[in-house]
>>> print(open('model05.txt').read())   # compact mmCIF, C-alpha atoms
# COMPACT_ATOMS: atom_id res chain seq x y z
CA MET R 79 -28.69 1.97 31.91
CA ASP R 80 -31.90 0.23 32.95
CA GLY R 81 -32.56 -3.51 32.82
CA VAL R 82 -34.32 -3.45 29.48
CA ALA R 83 -31.52 -1.54 27.77
CA ARG R 84 -28.93 -3.88 29.24
CA TRP R 85 -30.61 -7.14 28.30
CA GLU R 86 -32.38 -6.15 25.11
CA PRO R 87 -29.89 -4.20 23.11
CA ASN R 88 -31.60 -2.19 20.43
CA THR R 89 -32.24 -3.45 16.97
CA ARG R 90 -29.35 -1.60 15.39
CA ARG R 91 -26.84 -3.04 17.81
CA ARG R 92 -28.31 -6.53 17.41
CA LEU R 93 -27.88 -6.26 13.65
CA VAL R 94 -24.25 -5.21 14.01
CA VAL R 95 -23.44 -8.12 16.34
CA ALA R 96 -25.31 -10.62 14.14
CA ALA R 97 -23.50 -9.39 11.03
CA LEU R 98 -20.07 -9.66 12.63
CA ASP R 99 -20.90 -13.15 13.94
CA LEU R 100 -21.91 -14.33 10.48
CA PHE R 101 -19.02 -12.63 8.68
CA ALA R 102 -16.62 -14.35 11.09
CA GLU R 103 -18.33 -17.74 10.82
CA GLN R 104 -18.98 -18.05 7.10
CA GLY R 105 -17.20 -15.12 5.46
CA TYR R 106 -18.34 -11.67 4.41
CA ASP R 107 -19.10 -12.53 0.79
CA ALA R 108 -21.16 -15.59 1.66
CA THR R 109 -23.40 -13.73 4.11
CA THR R 110 -26.71 -12.24 2.98
CA VAL R 111 -28.77 -9.44 4.48
CA SER R 112 -31.60 -11.94 5.11
CA GLU R 113 -29.30 -14.12 7.18
CA ILE R 114 -28.13 -11.14 9.23
CA ALA R 115 -31.71 -10.03 9.92
CA GLU R 116 -32.74 -13.59 10.86
CA ARG R 117 -29.76 -14.03 13.20
CA ALA R 118 -30.49 -10.70 14.87
CA GLY R 119 -33.65 -12.24 16.30
CA GLY R 120 -35.94 -13.19 13.44
CA LEU R 121 -36.00 -9.72 11.92
CA SER R 122 -36.95 -9.04 8.30
CA LYS R 123 -34.81 -7.67 5.48
CA MET R 124 -37.05 -4.64 5.57
CA THR R 125 -36.08 -3.97 9.15
CA PHE R 126 -32.41 -4.33 8.20
CA PHE R 127 -32.74 -1.77 5.43
CA ARG R 128 -34.42 0.69 7.78
CA HIS R 129 -31.10 0.77 9.66
CA PHE R 130 -28.39 0.16 7.06
CA ARG R 131 -27.96 0.71 3.34
CA ASP R 132 -26.26 -2.65 2.77
CA LYS R 133 -24.35 -5.35 4.62
CA ARG R 134 -21.07 -3.51 4.30
CA GLU R 135 -22.35 -0.37 5.99
CA VAL R 136 -23.25 -2.38 9.10
CA LEU R 137 -19.55 -2.32 9.96
CA PHE R 138 -18.96 1.35 9.15
CA ALA R 139 -22.18 3.01 10.23
CA GLY R 140 -20.33 4.85 13.01
CA GLN R 141 -18.37 6.99 10.57
CA GLU R 142 -20.68 10.02 10.48
CA VAL R 143 -21.30 10.08 14.21
CA MET R 144 -17.57 9.76 14.84
CA GLY R 145 -16.72 12.55 12.41
CA GLN R 146 -19.26 14.83 14.05
CA LEU R 147 -18.10 14.03 17.60
CA LEU R 148 -14.52 14.65 16.59
CA ALA R 149 -15.33 17.97 14.91
CA ASP R 150 -17.51 19.14 17.81
CA ALA R 151 -14.85 18.35 20.40
CA ILE R 152 -12.15 20.10 18.37
CA ALA R 153 -14.43 23.13 18.04
CA ALA R 154 -15.14 23.12 21.78
CA ALA R 155 -11.47 23.04 22.84
CA PRO R 156 -10.31 26.18 24.68
CA GLU R 157 -9.45 29.11 22.45
CA THR R 158 -5.87 28.94 23.71
CA ALA R 159 -5.45 25.25 22.76
CA THR R 160 -2.69 24.44 20.27
CA PRO R 161 -3.66 22.42 17.18
CA LEU R 162 -2.55 19.17 18.84
CA GLN R 163 -4.32 20.02 22.09
CA ALA R 164 -7.53 20.56 20.11
CA VAL R 165 -6.97 17.28 18.30
CA ALA R 166 -6.39 15.55 21.64
CA ALA R 167 -9.80 16.77 22.79
CA GLY R 168 -11.30 15.28 19.63
CA LEU R 169 -9.60 11.93 20.22
CA ALA R 170 -10.84 11.83 23.80
CA ALA R 171 -14.40 12.21 22.47
CA LEU R 172 -13.88 9.32 20.03
CA ALA R 173 -12.25 7.13 22.65
CA ALA R 174 -15.20 7.63 25.01
CA LEU R 175 -17.34 5.67 22.54
CA HIS R 176 -15.60 2.40 23.43
CA GLY R 177 -15.64 0.82 26.87
CA ASN R 178 -13.18 -1.95 27.70
CA GLU R 179 -15.98 -4.53 27.45
CA GLN R 180 -15.90 -3.89 23.68
CA ARG R 181 -12.32 -5.04 23.26
CA ALA R 182 -13.26 -8.54 22.09
CA PHE R 183 -15.63 -7.04 19.53
CA ALA R 184 -12.85 -4.79 18.24
CA VAL R 185 -10.53 -7.77 17.74
CA ARG R 186 -13.17 -9.74 15.82
CA LEU R 187 -14.08 -6.73 13.69
CA ARG R 188 -10.45 -6.26 12.75
CA ALA R 189 -10.09 -9.90 11.73
CA VAL R 190 -13.10 -9.65 9.42
CA ILE R 191 -11.93 -6.41 7.80
CA VAL R 192 -8.34 -7.56 7.27
CA GLY R 193 -9.58 -10.63 5.40
CA ASN R 194 -11.57 -8.75 2.78
CA ALA R 195 -10.30 -6.29 0.15
CA GLU R 196 -13.64 -4.48 -0.14
CA LEU R 197 -13.78 -3.92 3.60
CA LEU R 198 -10.17 -2.75 3.71
CA GLU R 199 -10.99 -0.14 1.09
CA ARG R 200 -14.03 1.00 3.01
CA ALA R 201 -11.94 1.18 6.19
CA ALA R 202 -9.32 3.31 4.43
CA PHE R 203 -12.06 5.69 3.33
CA LYS R 204 -13.40 5.94 6.87
CA ARG R 205 -9.96 6.85 8.11
CA TYR R 206 -9.62 9.43 5.35
CA ALA R 207 -13.05 10.90 6.12
CA LEU R 208 -12.21 11.24 9.82
CA THR R 209 -8.97 13.01 8.90
CA GLU R 210 -10.90 15.40 6.67
CA ALA R 211 -13.45 16.08 9.43
CA ALA R 212 -10.65 16.94 11.86
CA THR R 213 -8.90 19.08 9.25
CA ALA R 214 -12.05 21.10 8.59
CA ALA R 215 -12.63 21.60 12.32
CA LEU R 216 -9.07 22.83 12.82
CA ALA R 217 -9.39 25.17 9.82
CA LYS R 218 -12.50 26.67 11.47
CA ARG R 219 -10.35 27.40 14.52
CA GLY R 220 -8.02 29.38 12.29
CA VAL R 221 -5.27 26.78 11.94
CA PRO R 222 -3.74 27.36 8.49
CA GLU R 223 -2.68 24.74 5.96
CA PRO R 224 -0.58 22.66 5.91
CA ALA R 225 -0.61 22.60 9.73
CA ALA R 226 -4.33 21.76 9.99
CA GLY R 227 -4.14 18.70 7.74
CA LEU R 228 -0.94 17.57 9.35
CA ALA R 229 -2.26 17.88 12.92
CA ALA R 230 -5.44 16.06 11.90
CA GLU R 231 -3.53 13.22 10.26
CA LEU R 232 -1.19 12.89 13.21
CA GLY R 233 -4.20 12.72 15.51
CA ILE R 234 -6.05 10.11 13.47
CA ARG R 235 -2.85 8.06 13.25
CA ALA R 236 -2.58 8.27 17.04
CA TYR R 237 -6.19 7.15 17.36
CA TYR R 238 -5.85 4.12 15.07
CA ARG R 239 -2.52 3.14 16.57
CA GLY R 240 -3.93 3.50 20.08
CA TYR R 241 -7.02 1.51 19.09
CA GLU R 242 -4.86 -1.38 17.84
CA GLN R 243 -2.81 -1.41 21.01
CA TRP R 244 -5.92 -1.21 23.19
CA ALA R 245 -7.62 -4.05 21.30
CA ASP R 246 -4.57 -6.26 21.84
CA GLU R 247 -4.42 -5.76 25.60
CA PRO R 248 -5.44 -8.67 27.84
CA ALA R 249 -9.14 -8.87 28.73
CA ASP R 250 -8.55 -7.74 32.31
CA ALA R 251 -6.40 -4.69 31.47
CA THR R 252 -7.87 -1.57 33.04
CA GLU R 253 -6.28 1.05 30.81
CA THR R 254 -8.99 2.76 28.75
CA LEU R 255 -8.92 3.55 25.06
CA ALA R 256 -8.67 7.22 26.04
CA ASP R 257 -5.49 6.46 28.04
CA VAL R 258 -3.86 4.52 25.23
CA THR R 259 -4.83 7.03 22.56
CA ARG R 260 -3.49 9.92 24.59
CA ARG R 261 -0.15 8.14 25.08
CA SER R 262 -0.03 7.31 21.38
CA LEU R 263 -0.50 10.98 20.49
CA ASP R 264 2.30 11.97 22.89
CA GLU R 265 4.60 9.37 21.29
CA LEU R 266 3.80 10.56 17.79
CA GLN R 267 4.37 14.16 18.79
CA ALA R 268 7.77 13.23 20.25
CA ALA R 269 8.61 11.30 17.08
CA THR R 270 8.14 14.39 14.89
CA ALA R 271 11.45 15.63 16.29
CA THR R 272 13.30 12.52 15.03
CA LEU R 273 12.35 12.66 11.36
CA SER R 274 14.74 15.13 9.79
CA MET U 77 11.10 7.55 -27.16
CA ASP U 78 10.81 6.55 -30.82
CA GLY U 79 8.13 7.68 -33.27
CA VAL U 80 5.95 4.64 -32.86
CA ALA U 81 5.88 4.89 -29.10
CA ARG U 82 5.10 8.60 -29.33
CA TRP U 83 2.27 8.35 -31.86
CA GLU U 84 0.83 4.94 -31.09
CA PRO U 85 0.51 4.70 -27.36
CA ASN U 86 0.25 1.12 -26.25
CA THR U 87 -3.00 -0.68 -25.64
CA ARG U 88 -2.94 -0.23 -21.91
CA ARG U 89 -2.54 3.51 -22.18
CA ARG U 90 -5.25 3.71 -24.85
CA LEU U 91 -7.64 1.88 -22.54
CA VAL U 92 -6.92 4.28 -19.68
CA VAL U 93 -7.52 7.34 -21.85
CA ALA U 94 -10.69 5.86 -23.36
CA ALA U 95 -12.04 4.98 -19.91
CA LEU U 96 -11.41 8.45 -18.55
CA ASP U 97 -13.01 10.03 -21.62
CA LEU U 98 -16.14 7.93 -21.22
CA PHE U 99 -16.35 8.37 -17.45
CA ALA U 100 -16.14 12.13 -17.94
CA GLU U 101 -18.68 12.17 -20.77
CA GLN U 102 -21.38 9.83 -19.53
CA GLY U 103 -20.49 9.01 -15.94
CA TYR U 104 -18.60 6.16 -14.34
CA ASP U 105 -21.62 4.02 -13.48
CA ALA U 106 -23.12 4.28 -16.97
CA THR U 107 -19.93 3.19 -18.73
CA THR U 108 -19.34 -0.46 -19.63
CA VAL U 109 -16.13 -2.34 -20.26
CA SER U 110 -17.29 -3.02 -23.83
CA GLU U 111 -17.66 0.70 -24.48
CA ILE U 112 -14.19 1.38 -23.10
CA ALA U 113 -12.64 -1.31 -25.28
CA GLU U 114 -14.50 -0.05 -28.36
CA ARG U 115 -13.47 3.57 -27.74
CA ALA U 116 -9.86 2.51 -27.31
CA GLY U 117 -9.74 1.63 -30.99
CA GLY U 118 -12.22 -1.18 -31.63
CA LEU U 119 -10.72 -3.51 -29.03
CA SER U 120 -12.59 -6.43 -27.50
CA LYS U 121 -13.69 -6.95 -23.91
CA MET U 122 -11.24 -9.84 -23.82
CA THR U 123 -8.38 -7.47 -24.61
CA PHE U 124 -9.59 -5.17 -21.85
CA PHE U 125 -9.57 -8.00 -19.32
CA ARG U 126 -6.05 -8.98 -20.30
CA HIS U 127 -4.96 -5.60 -18.95
CA PHE U 128 -7.39 -4.77 -16.13
CA ARG U 129 -9.56 -6.69 -13.67
CA ASP U 130 -12.52 -4.32 -14.04
CA LYS U 131 -13.39 -0.80 -15.13
CA ARG U 132 -12.51 0.65 -11.75
CA GLU U 133 -8.96 -0.70 -11.79
CA VAL U 134 -8.25 1.17 -15.03
CA LEU U 135 -7.93 4.30 -12.91
CA PHE U 136 -5.84 2.74 -10.15
CA ALA U 137 -3.64 0.28 -11.98
CA GLY U 138 -0.56 2.32 -11.13
CA GLN U 139 -0.80 1.53 -7.43
CA GLU U 140 1.52 -1.47 -7.34
CA VAL U 141 4.14 0.06 -9.60
CA MET U 142 4.05 3.25 -7.55
CA GLY U 143 4.38 1.38 -4.26
CA GLN U 144 7.35 -0.55 -5.60
CA LEU U 145 9.09 2.54 -7.02
CA LEU U 146 8.57 4.34 -3.73
CA ALA U 147 9.93 1.44 -1.69
CA ASP U 148 12.91 0.91 -3.98
CA ALA U 149 13.90 4.58 -3.89
CA ILE U 150 13.60 4.71 -0.10
CA ALA U 151 15.75 1.60 0.13
CA ALA U 152 18.35 3.08 -2.23
CA ALA U 153 18.73 6.36 -0.31
CA PRO U 154 22.19 6.86 1.25
CA GLU U 155 22.72 5.04 4.53
CA THR U 156 23.19 8.39 6.24
CA ALA U 157 19.84 9.76 5.03
CA THR U 158 17.34 10.78 7.70
CA PRO U 159 13.82 9.28 7.52
CA LEU U 160 12.50 12.36 5.70
CA GLN U 161 15.47 12.44 3.33
CA ALA U 162 14.77 8.82 2.42
CA VAL U 163 11.09 9.65 1.94
CA ALA U 164 12.06 12.60 -0.26
CA ALA U 165 13.98 10.20 -2.50
CA GLY U 166 10.86 8.05 -2.74
CA LEU U 167 8.68 11.02 -3.67
CA ALA U 168 11.13 12.08 -6.36
CA ALA U 169 10.78 8.62 -7.91
CA LEU U 170 6.98 8.91 -7.89
CA ALA U 171 7.03 12.43 -9.27
CA ALA U 172 9.22 11.32 -12.17
CA LEU U 173 6.27 9.27 -13.45
CA HIS U 174 4.36 12.41 -14.46
CA GLY U 175 5.53 14.88 -17.06
CA ASN U 176 3.89 18.30 -17.27
CA GLU U 177 2.04 17.23 -20.43
CA GLN U 178 -0.05 15.00 -18.16
CA ARG U 179 -1.45 17.86 -16.13
CA ALA U 180 -4.72 18.04 -18.04
CA PHE U 181 -5.18 14.30 -17.58
CA ALA U 182 -4.62 14.68 -13.84
CA VAL U 183 -7.32 17.36 -13.61
CA ARG U 184 -9.85 15.23 -15.49
CA LEU U 185 -9.03 12.16 -13.43
CA ARG U 186 -9.60 14.09 -10.23
CA ALA U 187 -12.98 15.35 -11.43
CA VAL U 188 -14.13 11.81 -12.20
CA ILE U 189 -12.96 10.43 -8.85
CA VAL U 190 -14.43 13.25 -6.75
CA GLY U 191 -17.83 12.66 -8.32
CA ASN U 192 -18.10 8.98 -7.34
CA ALA U 193 -18.20 7.46 -3.86
CA GLU U 194 -16.82 4.09 -5.01
CA LEU U 195 -13.84 5.77 -6.68
CA LEU U 196 -13.20 7.97 -3.65
CA GLU U 197 -13.00 4.84 -1.50
CA ARG U 198 -10.64 3.19 -3.91
CA ALA U 199 -8.50 6.34 -3.99
CA ALA U 200 -8.34 6.40 -0.18
CA PHE U 201 -7.15 2.80 -0.24
CA LYS U 202 -4.45 3.62 -2.78
CA ARG U 203 -3.20 6.42 -0.58
CA TYR U 204 -3.23 4.09 2.43
CA ALA U 205 -1.38 1.38 0.49
CA LEU U 206 1.32 3.83 -0.60
CA THR U 207 1.74 4.95 3.01
CA GLU U 208 2.11 1.34 4.08
CA ALA U 209 4.68 0.67 1.35
CA ALA U 210 6.76 3.65 2.48
CA THR U 211 6.42 2.62 6.13
CA ALA U 212 7.68 -0.89 5.40
CA ALA U 213 10.63 0.48 3.40
CA LEU U 214 11.59 2.82 6.25
CA ALA U 215 11.29 -0.01 8.78
CA LYS U 216 13.73 -2.03 6.65
CA ARG U 217 16.17 0.86 6.96
CA GLY U 218 15.91 0.53 10.73
CA VAL U 219 13.59 3.46 11.38
CA PRO U 220 11.53 2.47 14.46
CA GLU U 221 7.84 2.99 15.04
CA PRO U 222 6.13 5.36 15.38
CA ALA U 223 8.67 7.43 13.41
CA ALA U 224 8.51 5.21 10.31
CA GLY U 225 4.74 5.43 9.92
CA LEU U 226 4.77 9.12 10.67
CA ALA U 227 7.52 9.93 8.16
CA ALA U 228 5.72 7.84 5.54
CA GLU U 229 2.40 9.55 6.13
CA LEU U 230 4.00 12.98 6.07
CA GLY U 231 5.66 12.09 2.78
CA ILE U 232 2.50 10.77 1.15
CA ARG U 233 0.62 13.85 2.33
CA ALA U 234 3.33 15.98 0.73
CA TYR U 235 2.99 14.00 -2.50
CA TYR U 236 -0.79 14.29 -2.72
CA ARG U 237 -0.74 17.94 -1.74
CA GLY U 238 2.01 18.63 -4.27
CA TYR U 239 0.12 16.72 -6.94
CA GLU U 240 -3.01 18.84 -6.39
CA GLN U 241 -1.02 22.06 -6.60
CA TRP U 242 0.84 20.86 -9.68
CA ALA U 243 -2.40 19.82 -11.41
CA ASP U 244 -3.88 23.27 -10.81
CA GLU U 245 -0.98 25.18 -12.30
CA PRO U 246 -1.49 26.87 -15.68
CA ALA U 247 -0.76 24.76 -18.74
CA ASP U 248 2.46 26.62 -19.55
CA ALA U 249 3.95 26.43 -16.02
CA THR U 250 7.40 24.89 -16.14
CA GLU U 251 7.69 23.74 -12.54
CA THR U 252 7.72 19.94 -12.43
CA LEU U 253 5.78 17.66 -10.12
CA ALA U 254 9.11 16.83 -8.46
CA ASP U 255 9.70 20.53 -7.71
CA VAL U 256 6.24 21.04 -6.24
CA THR U 257 6.34 17.82 -4.21
CA ARG U 258 9.72 18.68 -2.76
CA ARG U 259 8.50 22.11 -1.70
CA SER U 260 5.38 20.59 -0.22
CA LEU U 261 7.50 18.21 1.88
CA ASP U 262 9.62 21.11 3.11
CA GLU U 263 6.48 23.03 4.08
CA LEU U 264 5.01 20.08 5.94
CA GLN U 265 8.28 19.49 7.73
CA ALA U 266 8.35 23.15 8.82
CA ALA U 267 4.71 22.89 9.94
CA THR U 268 5.52 20.04 12.37
CA ALA U 269 7.13 22.69 14.59
CA THR U 270 3.87 24.67 14.80
CA LEU U 271 1.53 21.96 16.06
CA SER U 272 2.10 21.81 19.81
>>> encode(input="model05.txt", output="structure tokens")
Amino acid sequence: MDGVARWEPNTRRRLVVAALDLFAEQGYDATTVSEIAERAGGLSKMTFFRHFRDKREVLFAGQEVMGQLLADAIAAAPETATPLQAVAAGLAALAALHGNEQRAFAVRLRAVIVGNAELLERAAFKRYALTEAATAALAKRGVPEPAAGLAAELGIRAYYRGYEQWADEPADATETLADVTRRSLDELQAATATLS
Amino acid sequence: MDGVARWEPNTRRRLVVAALDLFAEQGYDATTVSEIAERAGGLSKMTFFRHFRDKREVLFAGQEVMGQLLADAIAAAPETATPLQAVAAGLAALAALHGNEQRAFAVRLRAVIVGNAELLERAAFKRYALTEAATAALAKRGVPEPAAGLAAELGIRAYYRGYEQWADEPADATETLADVTRRSLDELQAATATLS
């Protein structure tokens, strides 16, 4: 990463940070697109709408990229990989999106989402969409139903559970999101034997 | 059920049927609360709002009742029941809400939801909320994490999968939603052994 990229994060990222700041300070409902654009460095509404459909999508814009990364990594897993091994490869690809310096951001994002019914719904849909993306990728590998959907759901549960645990770790913890997610998947896999 | 209840469904039910009719005929976005109330037998908007917060909630009003039924049945399962046996009791309680005469309604409801992004989001949240309700009920029984969340998610997946299969059966099929859901849970349970 060169100096410019480090110190002048791109417009999209600036808009995301500005939106989260404002949502946390004054509430999601009370925040307008104009305010977000202004806070992001005197940008215009027009610039905002070149990047995001509305203020809600600022917080969920990663969904399509995540779904594609997940599907691609599942597809690229070795032919001999079991369904859960393929899912694990997908989770590793997702986890690589978040460095430990983003932990504080994750905690603030969660606080904003939990406080708003509309955002909770949108978050549930994102989770559902990621599960569907993983299911489709497993089906393409020849995993039949209901195993494909089940492996996908178990994997996405492991990812969200791992993400929560990672976000709650102290600021100086060195464990990565990939580490925590992998352990979470192992724990969930072990738990399947305790259900019946 | 007496004659009046059979032939004069209550206001709430009439509003649900009217809403689904209009959503299917002219689209969800194009339909107003006034139109729904009128179609339900010349009712007023005020009557509508005594029953539902907005036109979207007409389709999801069952969520709280379903979550409570699910939780109560899980709580009432025998002390010796395994997590999945307790979940199965919860699913049986949910399945009892739908008689086979409601199959056509289920198919039309699905078509309306699938065609609208806002409704898909709301549906994902309902599914998430039911999973959370089952998880909490299992935790109260002493099932630890991550087994509680996993058993709940497996159960809700079985319910939704069973519901889809049930809705697609021919009109004269005699198998009940409870039958199909139970089989779906058995299949998912068997599939857990094929994932690793």
>>> closest_residue(input="model05.txt", among="U:Ala106, U:Ile112, U:Leu196, U:Met122", to="chain R", atoms="all atoms listed in the file")
U:Leu196
>>> residues_around(input="model05.txt", residues="Asn194 (chain R)", least_positions_apart="4", cutoff="9 Å", atoms="only C-alpha atoms", output="compact mmCIF listing (two decimals) with C-alpha atoms, keeping the file's coordinate frame")
# COMPACT_ATOMS: atom_id res chain seq x y z
CA GLY R 105 -17.20 -15.12 5.46
CA TYR R 106 -18.34 -11.67 4.41
CA ASP R 107 -19.10 -12.53 0.79
CA VAL R 190 -13.10 -9.65 9.42
CA LEU R 198 -10.17 -2.75 3.71
CA GLU R 199 -10.99 -0.14 1.09
>>> closest_atom_pairs(input="model05.txt", of="chain U", to="chain R", cutoff="10 Å", atoms="all atoms listed in the file", output="CSV")
residue,atom,partner,partner_atom,distance
U:Ala157,CA,R:Ser274,CA,8.8
U:Thr158,CA,R:Ser274,CA,5.5
U:Pro159,CA,R:Leu273,CA,5.3
U:Leu160,CA,R:Ser274,CA,5.4
U:Gln161,CA,R:Ser274,CA,7.0
U:Ala162,CA,R:Ser274,CA,9.7
U:Val163,CA,R:Leu273,CA,10.0
U:Ala193,CA,R:Phe203,CA,9.6
U:Glu194,CA,R:Arg200,CA,9.0
U:Leu196,CA,R:Phe203,CA,7.4
U:Glu197,CA,R:Phe203,CA,5.0
U:Arg198,CA,R:Glu199,CA,6.0
U:Ala199,CA,R:Phe203,CA,8.2
U:Ala200,CA,R:Phe203,CA,5.2
U:Phe201,CA,R:Glu199,CA,5.0
U:Lys202,CA,R:Glu199,CA,8.5
U:Arg203,CA,R:Ala202,CA,8.5
U:Tyr204,CA,R:Ala202,CA,6.5
U:Ala205,CA,R:Ala202,CA,9.1
U:Val219,CA,R:Leu273,CA,9.3
U:Pro220,CA,R:Ala269,CA,9.7
U:Glu221,CA,R:Ala269,CA,8.6
U:Pro222,CA,R:Leu266,CA,6.2
U:Ala223,CA,R:Ala269,CA,5.3
U:Ala224,CA,R:Leu273,CA,8.4
U:Gly225,CA,R:Arg235,CA,8.7
U:Leu226,CA,R:Leu266,CA,7.3
U:Ala227,CA,R:Leu273,CA,6.4
U:Glu229,CA,R:Glu231,CA,8.1
U:Leu230,CA,R:Leu228,CA,7.5
U:Arg233,CA,R:Leu228,CA,8.1
U:Ala234,CA,R:Pro224,CA,9.3
U:Arg237,CA,R:Pro224,CA,9.0
U:Ser260,CA,R:Pro224,CA,8.8
U:Glu263,CA,R:Pro224,CA,7.3
U:Leu264,CA,R:Pro224,CA,6.2
U:Gln265,CA,R:Ser274,CA,8.1
U:Ala266,CA,R:Ala225,CA,9.0
U:Ala267,CA,R:Ala225,CA,5.3
U:Thr268,CA,R:Thr270,CA,6.7
U:Ala269,CA,R:Thr270,CA,8.4
U:Thr270,CA,R:Ala225,CA,7.1
U:Leu271,CA,R:Pro161,CA,5.3
U:Ser272,CA,R:Leu162,CA,5.4
>>> write_last_selection(input="model05.txt", atoms="C-alpha atoms", output="mmCIF file, in the coordinates of the input")
data_model
loop_
_atom_site.group_PDB
_atom_site.id
_atom_site.type_symbol
_atom_site.label_atom_id
_atom_site.label_comp_id
_atom_site.auth_asym_id
_atom_site.auth_seq_id
_atom_site.Cartn_x
_atom_site.Cartn_y
_atom_site.Cartn_z
ATOM 1 C CA ALA U 157 19.840 9.760 5.030
ATOM 2 C CA THR U 158 17.340 10.780 7.700
ATOM 3 C CA PRO U 159 13.820 9.280 7.520
ATOM 4 C CA LEU U 160 12.500 12.360 5.700
ATOM 5 C CA GLN U 161 15.470 12.440 3.330
ATOM 6 C CA ALA U 162 14.770 8.820 2.420
ATOM 7 C CA VAL U 163 11.090 9.650 1.940
ATOM 8 C CA ALA U 193 -18.200 7.460 -3.860
ATOM 9 C CA GLU U 194 -16.820 4.090 -5.010
ATOM 10 C CA LEU U 196 -13.200 7.970 -3.650
ATOM 11 C CA GLU U 197 -13.000 4.840 -1.500
ATOM 12 C CA ARG U 198 -10.640 3.190 -3.910
ATOM 13 C CA ALA U 199 -8.500 6.340 -3.990
ATOM 14 C CA ALA U 200 -8.340 6.400 -0.180
ATOM 15 C CA PHE U 201 -7.150 2.800 -0.240
ATOM 16 C CA LYS U 202 -4.450 3.620 -2.780
ATOM 17 C CA ARG U 203 -3.200 6.420 -0.580
ATOM 18 C CA TYR U 204 -3.230 4.090 2.430
ATOM 19 C CA ALA U 205 -1.380 1.380 0.490
ATOM 20 C CA VAL U 219 13.590 3.460 11.380
ATOM 21 C CA PRO U 220 11.530 2.470 14.460
ATOM 22 C CA GLU U 221 7.840 2.990 15.040
ATOM 23 C CA PRO U 222 6.130 5.360 15.380
ATOM 24 C CA ALA U 223 8.670 7.430 13.410
ATOM 25 C CA ALA U 224 8.510 5.210 10.310
ATOM 26 C CA GLY U 225 4.740 5.430 9.920
ATOM 27 C CA LEU U 226 4.770 9.120 10.670
ATOM 28 C CA ALA U 227 7.520 9.930 8.160
ATOM 29 C CA GLU U 229 2.400 9.550 6.130
ATOM 30 C CA LEU U 230 4.000 12.980 6.070
ATOM 31 C CA ARG U 233 0.620 13.850 2.330
ATOM 32 C CA ALA U 234 3.330 15.980 0.730
ATOM 33 C CA ARG U 237 -0.740 17.940 -1.740
ATOM 34 C CA SER U 260 5.380 20.590 -0.220
ATOM 35 C CA GLU U 263 6.480 23.030 4.080
ATOM 36 C CA LEU U 264 5.010 20.080 5.940
ATOM 37 C CA GLN U 265 8.280 19.490 7.730
ATOM 38 C CA ALA U 266 8.350 23.150 8.820
ATOM 39 C CA ALA U 267 4.710 22.890 9.940
ATOM 40 C CA THR U 268 5.520 20.040 12.370
ATOM 41 C CA ALA U 269 7.130 22.690 14.590
ATOM 42 C CA THR U 270 3.870 24.670 14.800
ATOM 43 C CA LEU U 271 1.530 21.960 16.060
ATOM 44 C CA SER U 272 2.100 21.810 19.810
#
>>> residues_around(input="model05.txt", residues="Arg128 (chain R)", least_positions_apart="3", cutoff="12 Å", atoms="only C-alpha atoms", output="list in words")
Thr89, Arg90, Leu93, Ala115, Leu121, Ser122, Lys123, Met124, Thr125, Arg131, Asp132 and Val136 of chain R
>>> closest_residue(input="model05.txt", among="R:Ala230, R:Asp250, R:Ala173, R:Leu100", to="Leu187 (chain R)", atoms="all atoms listed in the file")
R:Leu100
>>> residues_around(input="model05.txt", residues="Leu173 (chain U)", least_positions_apart="6", cutoff="12 Å", atoms="only C-alpha atoms", output="JSON, numbers by chain")
{"U": [138, 141, 142, 145, 146, 166, 167, 179, 239, 252, 253, 254]}
>>> atom_distance(input="model05.txt", atom1="CA of Ala147 (chain U)", atom2="CA of Ala213 (chain U)")
5.2 Å
>>> atom_distance(input="model05.txt", atom1="CA of Gln102 (chain U)", atom2="CA of Gly191 (chain U)")
12.1 Å
>>> atom_distance(input="model05.txt", atom1="CA of Phe101 (chain R)", atom2="CA of Gln180 (chain R)")
17.6 Å
>>> closest_residue(input="model05.txt", among="U:Asp255, U:Glu111, U:Asp244, U:Glu208", to="Ala182 (chain U)", atoms="all atoms listed in the file")
U:Asp244
>>> closest_residue(input="model05.txt", among="U:Leu170, U:Glu245, U:Leu214, U:Ala187", to="Ala153 (chain U)", atoms="all atoms listed in the file")
U:Leu214
>>> residues_around(input="model05.txt", residues="Val92 (chain U)", least_positions_apart="2", cutoff="10 Å", atoms="only C-alpha atoms", output="MDAnalysis selection string")
chainID U and resid 87:90 94:97 112:113 116 128 131 133:137
>>> write_last_selection(input="model05.txt", atoms="C-alpha atoms", output="compact mmCIF listing (two decimals), in the frame of the given file")
# COMPACT_ATOMS: atom_id res chain seq x y z
CA THR U 87 -3.00 -0.68 -25.64
CA ARG U 88 -2.94 -0.23 -21.91
CA ARG U 89 -2.54 3.51 -22.18
CA ARG U 90 -5.25 3.71 -24.85
CA ALA U 94 -10.69 5.86 -23.36
CA ALA U 95 -12.04 4.98 -19.91
CA LEU U 96 -11.41 8.45 -18.55
CA ASP U 97 -13.01 10.03 -21.62
CA ILE U 112 -14.19 1.38 -23.10
CA ALA U 113 -12.64 -1.31 -25.28
CA ALA U 116 -9.86 2.51 -27.31
CA PHE U 128 -7.39 -4.77 -16.13
CA LYS U 131 -13.39 -0.80 -15.13
CA GLU U 133 -8.96 -0.70 -11.79
CA VAL U 134 -8.25 1.17 -15.03
CA LEU U 135 -7.93 4.30 -12.91
CA PHE U 136 -5.84 2.74 -10.15
CA ALA U 137 -3.64 0.28 -11.98
>>> closest_residue(input="model05.txt", among="R:Leu208, R:Arg260, R:Ala217, R:Val185", to="Glu242 (chain R)", atoms="all atoms listed in the file")
R:Val185
